[in-house]
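J.: A single structure is presented below for examination.
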Amino acid sequence: MSDRAALLKGIRVWLALFVVCLALSGATAFPLVHELRWTDSALRALSVPEHLPALTDWITRVRDGLDTADADYPFLLYGTDWLAFAHLVIAVAFYGPYRDPVRNIWVVEFGMIACAGIIPLALVCGPIRGIPFWWSVIDMSFGVFGVVPLYVVRKKIKRLEALTAG
């Protein structure tokens, strides 16, 4: 296998991993009410409240809020449907760099900027919305972990570009 083919294969594997994770992350925003009920039940069955009461209290509070919204104001959950849709649409955008990485490196860089943007969003909006700081750290981790494969892909694309130019 040539260096070019190996780089292209590596880029595509990392992009596929990123797209799958992005799509799964988005898809979980559709069934939030059911997920929170299941999570709350699972935590209690596993005796998590004894060891992590703050986590259990938070999950219960979020579940109660979603149950109320679902029962009385279901249109509010439409916002999470759009969140899920946005994740799926952004995932589709990564087909460009999958197909032609050098020409579409800007999509990867856009993704890196979006990952970086998660951190100030969580730090500013988390406290405004009453989100516990430790939960904001979990949210910020999506940006930190998300940028890793994109950084690897960008480095590989730059090497591919240099190889192609030379």
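We name chains A, B, ... following the order of the structure tokens; residues begin at 1 in each chain, and ligands are numbered from 1 as shown.
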Taking only C-alpha atoms into account, produce a table as CSV in which each residue of segment 24-116 of chain A with an atom at most 10 Å from an atom of segment 144-152 of chain A appears once, together with its shortest atom pair and the distance in Å to one decimal, ordered by chain and rising number.

T.:
residue,atom,partner,partner_atom,distance
A:Val107,CA,A:Leu150,CA,9.8
A:Val108,CA,A:Leu150,CA,6.1
A:Glu109,CA,A:Leu150,CA,7.7
A:Phe110,CA,A:Leu150,CA,9.7
A:Gly111,CA,A:Leu150,CA,7.2
A:Met112,CA,A:Val147,CA,5.4
A:Ile113,CA,A:Val147,CA,8.6
A:Ala114,CA,A:Val147,CA,8.8
A:Cys115,CA,A:Val147,CA,5.8
A:Ala116,CA,A:Val144,CA,7.5

J.: For Val33 of chain A, work out the shell of residues within 7 Å, counting only C-alpha atoms and skipping chain neighbours fewer than 5 positions away, then give it as a list in words.

T.: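 The filter keeps Arg63, Leu66 and Asp67 of chain A.
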
J.: Could you list, with a cut-off of 8 Å and counting only C-alpha atoms, the residues of segment 66-143 of chain A near segment 11-17 of chain A, each shown with its nearest atom pair and the distance in Å rounded to one decimal, rows sorted by chain and ascending number, as a Markdown table?

T.:
| residue | atom | partner | partner_atom | distance |
| --- | --- | --- | --- | --- |
| A:Phe94 | CA | A:Leu15 | CA | 7.2 |
| A:Tyr98 | CA | A:Arg12 | CA | 5.6 |
| A:Pro101 | CA | A:Ile11 | CA | 7.8 |

J.: Now that the selection is made, can you save its residues with N, CA, C and O atoms as a compact mmCIF listing (two decimals), in the first residue's frame?

T.:
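Here's the written file selection.txt:
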# COMPACT_ATOMS: atom_id res chain seq x y z
N PHE A 94 -19.47 15.71 6.83
CA PHE A 94 -18.15 15.08 6.83
C PHE A 94 -17.96 14.09 5.69
O PHE A 94 -16.87 13.52 5.54
N TYR A 98 -14.36 12.99 3.63
CA TYR A 98 -14.21 11.55 3.40
C TYR A 98 -13.90 11.28 1.93
O TYR A 98 -13.04 10.49 1.59
N PRO A 101 -10.37 14.67 0.98
CA PRO A 101 -9.89 15.30 2.22
C PRO A 101 -9.17 16.63 2.02
O PRO A 101 -9.42 17.58 2.75

J.: Can you list, as a ChimeraX atom specification, every protein, DNA or RNA residue that comes within 9 Å of Asp139 of chain A when you count only C-alpha atoms, leaving out same-chain residues fewer than 4 positions away?

T.: /A:118-119,122,134-135,143

J.: Output the selection as a JSON list (two decimals), in the first residue's frame - N, CA, C and O atoms for each residue.

T.:
[["chain", "number", "residue", "atom", "x", "y", "z"],
["A", 118, "ILE", "N", -17.82, 24.45, 22.32],
["A", 118, "ILE", "CA", -18.60, 23.78, 23.36],
["A", 118, "ILE", "C", -18.18, 24.29, 24.74],
["A", 118, "ILE", "O", -19.02, 24.45, 25.64],
["A", 119, "ILE", "N", -16.90, 24.56, 24.92],
["A", 119, "ILE", "CA", -16.39, 24.93, 26.24],
["A", 119, "ILE", "C", -16.95, 26.26, 26.72],
["A", 119, "ILE", "O", -17.54, 26.32, 27.80],
["A", 122, "ALA", "N", -20.76, 25.90, 27.46],
["A", 122, "ALA", "CA", -21.06, 25.22, 28.72],
["A", 122, "ALA", "C", -20.74, 26.10, 29.92],
["A", 122, "ALA", "O", -21.48, 26.12, 30.91],
["A", 134, "TRP", "N", -20.23, 20.21, 37.58],
["A", 134, "TRP", "CA", -19.69, 18.90, 37.20],
["A", 134, "TRP", "C", -20.37, 18.36, 35.94],
["A", 134, "TRP", "O", -19.76, 17.64, 35.17],
["A", 135, "TRP", "N", -21.64, 18.72, 35.74],
["A", 135, "TRP", "CA", -22.33, 18.29, 34.52],
["A", 135, "TRP", "C", -21.82, 19.09, 33.31],
["A", 135, "TRP", "O", -21.67, 18.55, 32.22],
["A", 143, "GLY", "N", -16.50, 18.22, 23.58],
["A", 143, "GLY", "CA", -15.62, 19.02, 22.74],
["A", 143, "GLY", "C", -14.19, 18.56, 22.79],
["A", 143, "GLY", "O", -13.50, 18.48, 21.76]]

J.: Closest to Gly65 of chain A among A:Glu50, A:Met140, A:Leu32, A:Pro97, using only C-alpha atoms?

T.: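 Closest to Gly65 of chain A, using only C-alpha atoms: A:Leu32.
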
J.: Do a neighbour search on Pro31 of chain A at 10 Å with only C-alpha atoms, toss out local chain neighbours closer than 2 positions, and write the hits as a PyMOL selection string.

T.: chain A and resi 27-29+33-36+77+80-81+84

J.: To one decimal in Å, tell me the separation between atom CA of Phe142 of chain A and atom CA of Ser41 of chain A.

T.: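 For atom CA of Phe142 of chain A relative to atom CA of Ser41 of chain A, the distance reads 24.8 Å.
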
J.: Take atom CA of Ala23 of chain A and atom CA of Ile90 of chain A and report the distance between them in Å, one decimal.

T.: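 Interatomic distance here is 8.6 Å.
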